[in-house]
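Below is one structure; the comments refer to it alone.
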Protein chains: 2
Amino acid sequence: MRSLKAALIQREAQTEPGTDLDACLQAIRRVAGAGCRLVLLQELHNGAYFCQRERADSFDAAEPIPGPSTAALGALAAELSVVIVGSLFERRAAGVYHNTAVVLDADGSLAGLYRKMHIPDDPGYYEKFYFTPGDLGFRPVDTAVGRLGVLVCWDQWFPEAARLMAIGGAELLLYPTAIGWDPADPEDERGRQLDAWRTVQRGHAVANGLPLLACNRVGFEPAPDAAGPEDGILFWGSSFACGPQGEILAAASETAPEDLIVDIDLNRAEAVRRIWPFFRDRRIDAYGDLLKRWRD
Amino acid sequence: MRSLKAALIQREAQTEPGTDLDACLQAIRRVAGAGCRLVLLQELHNGAYFCQRERADSFDAAEPIPGPSTAALGALAAELSVVIVGSLFERRAAGVYHNTAVVLDADGSLAGLYRKMHIPDDPGYYEKFYFTPGDLGFRPVDTAVGRLGVLVCWDQWFPEAARLMAIGGAELLLYPTAIGWDPADPEDERGRQLDAWRTVQRGHAVANGLPLLACNRVGFEPAPDAAGPEDGILFWGSSFACGPQGEILAAASETAPEDLIVDIDLNRAEAVRRIWPFFRDRRIDAYGDLLKRWRD
């Protein structure tokens with residue numbers, strides 16, 4: 001067994017602005033102390049989820065890459081000899097901002113970037129205002145713990161993204177994410193949404209014979225100018241890891257912060273792909289219309 | 001609510017060869033009597049699953065399309081005014097045989113065909129010997145109950161197939177299937193396999209905002225020249241229907257035949273796609289490598 005101990009840091013946004021990165025660094029020390037060699041942070045881990053409103057001054061929080069956050073994460077990665085996958089609000093140029101995952105290798109170097117390709121926009125998640133769609137494509141990143149297929153949040157609903165990472169040789173899919181409920185939604189709808197989110201990602205693991213990690217934030221975040229006590233997002237936590245048959249290996253609370261630690265057998269994917277050889281049988285001669293918006 | 005009452009006929013192969021089609025016709029009468037307007041049969045419903053061995057005389061069971069089975073199914077479809085989705089061993093020419101789904105419309109006409117595109121081959125499922133890969137592509141079929149995205153068994157592991165049907169306007173995905181356990185597999189592996197099968201298909205429903213029906217056979221079928229009492233396939237039943245968030249609407253037994261009847265709300269897909277507008281955001285500009293076997 002080629003085993004990899006990994007940690008998913010499921011957090012609430014700090015009440016004191018500007019202290020989230022420190023909280024992440026502390027968490028990374030904790031899980032490295034517990035023997036983890038790979039750490040996955042949640043989406044936009046440096047603060048509250050600001051996309052609940054469209055406000056031009058929110059762009060002030062964006063930073064260059066490399067920049068202060070990659071410097072801090074890289075220094076800690078080198079000190080602890082761990083690989084860290086984080087998620088930043090990137091300022092690439094005036095007027096060009098991205099939602100960008102960063103991969104710091106165990107020697108502290110910036111092993112690679114992934115700029116979120118699929119950008120959502122629905123009530124409370126006004127990301128199309130903030131984030132230019134990624135232009136780096138779907139490329140896995142080589143690190144000391146293996147080749148990582150890093151995607152971000154909304155990407156998790158798109159089988160194409162997972163597939164492109166898998167056929168690019170990714171050994172593991174990782175999703176920093178920020179998703180929750182509208183507190184006004186009834187209980188049954190909440191249940192369907194959470195289960196759909198988990199199911200579609202487990203489905204990517206199955207279809208691609210790959211383990212998968214999804215790290216979500218948790219807790220209620222009021223909108224910046226909340227109209228009432230329910231005007232905000234109740235992030236549903238539920239970070240999880242699954243294996244290449246979609247089997248749940250570890251799962252975190254729906255309501256509380258948690259360092260979720262999991263042992264992943266990186267050899268199991270090849271064993272599973274031998275009995276379920278989907279990659280052998282893909283009908284690439286007949287997939288051309290996947291490049292269309294709609295077949296009409 | 002634009003509701004559709006559908007039935008999945010989960011059957012054991014008859015012990016008396018040549019009587020399976022009659023058993024199917026009887027089942028269709030039963031569920032039509034219960035008000036169903038769409039009936040889905042299991043894969044290769046006219047007999048036992050013969051692909052457990054490679055035997056040239058098994059080709060004797062193949063038949064042309066249109067042919068005797070489509071005539072019988074079509075006559076019953078017209079009599080009962082139901083749409084029937086069946087699954088036949090097609091003889092297209094000497095040496096060209098397919099695993100073909102047939103769609104009989106409510107007026108008895110043959111509304112369309114789907115020739116299984118992804119062909120498996122693993123111990124006990126020697127389908128590459130029997131079935132020429134389909135050459136009709138992934139095209140949904142228009143019927144009196146809506147536009148149906150009919151796929152077959154092994155296709156269910158391929159997100160590309162579901163996606164192509166969805167962007168072709170399918171309102172419902174349907175999978176006749178024949179899958180089971182090797183009786184020698186331990187309990188935990190059996191559990192992972194069944195759950196992976198269910199999960200990947202529920203994932204297609206989520207990713208495409210579509211309801212989905214999967215009709216599997218059930219019961220133990222010994223191999224034709226079985227080397228012992230465990231030499232065969234234990235088909236795991238578990239036929240199910242889910243909605244466009246992957247939510248289970250109905251599920252059949254793992255061990256017994258069953259007429260599984262389900263009411264499907266065909267309007268719900270559009271409501272779900274409005275809150276989760278995945279089709280709006282697909283990065284068709286960046287999906288080109290999906291047409292490669294591997295990105296190396």
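Going by the structure tokens order, chains are called A, B, ..., each with residues numbered from 1, while ligands are numbered from 1 in the order shown.
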Which residues in region 3-47 of chain B does DSSP call strand (DSSP E)? List them as number ranges by chain. B: 3-10, 38-41
Could the residues in this selection be saved with C-alpha atoms as a CSV table (one decimal), in the first residue's frame?
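Produced file part20.csv, reproduced below:
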```csv
chain,number,residue,atom,x,y,z
B,3,SER,CA,-46.3,13.6,-14.6
B,4,LEU,CA,-45.2,10.4,-16.2
B,5,LYS,CA,-46.0,7.0,-14.7
B,6,ALA,CA,-43.2,4.6,-15.7
B,7,ALA,CA,-42.4,1.0,-14.9
B,8,LEU,CA,-39.1,-0.9,-14.7
B,9,ILE,CA,-39.5,-4.6,-15.2
B,10,GLN,CA,-36.8,-6.3,-13.1
B,38,LEU,CA,-43.6,4.0,-20.3
B,39,VAL,CA,-42.1,0.6,-19.7
B,40,LEU,CA,-38.3,-0.1,-19.5
B,41,LEU,CA,-37.1,-3.7,-19.8
```
Secondary structure check, alpha helix (DSSP H) residues of region 37-255 of chain A, as a PDB file with C-alpha atoms, in the first residue's frame:
```
ATOM      1  CA  PRO A  68       2.045  37.308   0.505  1.00  0.00           C
ATOM      2  CA  SER A  69      -0.193  34.248   0.939  1.00  0.00           C
ATOM      3  CA  THR A  70       1.874  31.942  -1.250  1.00  0.00           C
ATOM      4  CA  ALA A  71       4.979  33.183   0.607  1.00  0.00           C
ATOM      5  CA  ALA A  72       3.470  32.303   3.985  1.00  0.00           C
ATOM      6  CA  LEU A  73       2.067  28.977   2.808  1.00  0.00           C
ATOM      7  CA  GLY A  74       5.275  28.090   0.981  1.00  0.00           C
ATOM      8  CA  ALA A  75       7.476  28.829   3.979  1.00  0.00           C
ATOM      9  CA  LEU A  76       5.318  26.616   6.167  1.00  0.00           C
ATOM     10  CA  ALA A  77       5.178  23.855   3.541  1.00  0.00           C
ATOM     11  CA  ALA A  78       8.995  23.826   3.450  1.00  0.00           C
ATOM     12  CA  GLU A  79       9.337  23.941   7.236  1.00  0.00           C
ATOM     13  CA  LEU A  80       6.915  21.045   7.741  1.00  0.00           C
ATOM     14  CA  GLU A 127     -18.894  35.081  -8.762  1.00  0.00           C
ATOM     15  CA  LYS A 128     -19.193  36.211 -12.358  1.00  0.00           C
ATOM     16  CA  PHE A 129     -18.784  39.780 -11.091  1.00  0.00           C
ATOM     17  CA  TYR A 130     -15.502  38.969  -9.386  1.00  0.00           C
ATOM     18  CA  PRO A 159     -17.813  15.702 -15.307  1.00  0.00           C
ATOM     19  CA  GLU A 160     -15.662  17.179 -18.083  1.00  0.00           C
ATOM     20  CA  ALA A 161     -13.336  18.829 -15.565  1.00  0.00           C
ATOM     21  CA  ALA A 162     -12.761  15.646 -13.592  1.00  0.00           C
ATOM     22  CA  ARG A 163     -12.263  13.639 -16.778  1.00  0.00           C
ATOM     23  CA  LEU A 164      -9.674  16.034 -18.200  1.00  0.00           C
ATOM     24  CA  MET A 165      -7.717  15.900 -14.954  1.00  0.00           C
ATOM     25  CA  ALA A 166      -7.916  12.116 -14.900  1.00  0.00           C
ATOM     26  CA  ILE A 167      -6.698  11.637 -18.472  1.00  0.00           C
ATOM     27  CA  GLU A 187     -35.361  20.699   5.117  1.00  0.00           C
ATOM     28  CA  ASP A 188     -36.103  18.282   2.254  1.00  0.00           C
ATOM     29  CA  GLU A 189     -34.585  20.617  -0.344  1.00  0.00           C
ATOM     30  CA  ARG A 190     -31.509  21.053   1.843  1.00  0.00           C
ATOM     31  CA  GLY A 191     -31.115  17.314   2.032  1.00  0.00           C
ATOM     32  CA  ARG A 192     -31.375  16.899  -1.733  1.00  0.00           C
ATOM     33  CA  GLN A 193     -28.820  19.638  -2.368  1.00  0.00           C
ATOM     34  CA  LEU A 194     -26.228  18.263   0.030  1.00  0.00           C
ATOM     35  CA  ASP A 195     -26.674  14.732  -1.222  1.00  0.00           C
ATOM     36  CA  ALA A 196     -26.507  15.835  -4.872  1.00  0.00           C
ATOM     37  CA  TRP A 197     -23.247  17.657  -4.146  1.00  0.00           C
ATOM     38  CA  ARG A 198     -21.723  14.607  -2.502  1.00  0.00           C
ATOM     39  CA  THR A 199     -23.125  12.218  -5.121  1.00  0.00           C
ATOM     40  CA  VAL A 200     -21.910  14.019  -8.223  1.00  0.00           C
ATOM     41  CA  GLN A 201     -18.366  14.145  -6.822  1.00  0.00           C
ATOM     42  CA  ARG A 202     -18.438  10.515  -5.735  1.00  0.00           C
ATOM     43  CA  GLY A 203     -19.600   9.839  -9.289  1.00  0.00           C
ATOM     44  CA  HIS A 204     -16.465  11.531 -10.661  1.00  0.00           C
ATOM     45  CA  ALA A 205     -14.361   9.281  -8.443  1.00  0.00           C
ATOM     46  CA  VAL A 206     -16.149   6.214  -9.816  1.00  0.00           C
ATOM     47  CA  ALA A 207     -16.117   7.272 -13.474  1.00  0.00           C
ATOM     48  CA  ASN A 208     -12.407   8.034 -13.295  1.00  0.00           C
TER      49      ASN A 208
END
```
I need the residue nearest chain A from this list: B:Gln52, B:Gln14, B:Thr177, B:Gln245. Use only C-alpha atoms for the distance.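 Ranking B:Gln52, B:Gln14, B:Thr177, B:Gln245 by distance to chain A, first place goes to B:Gln245.
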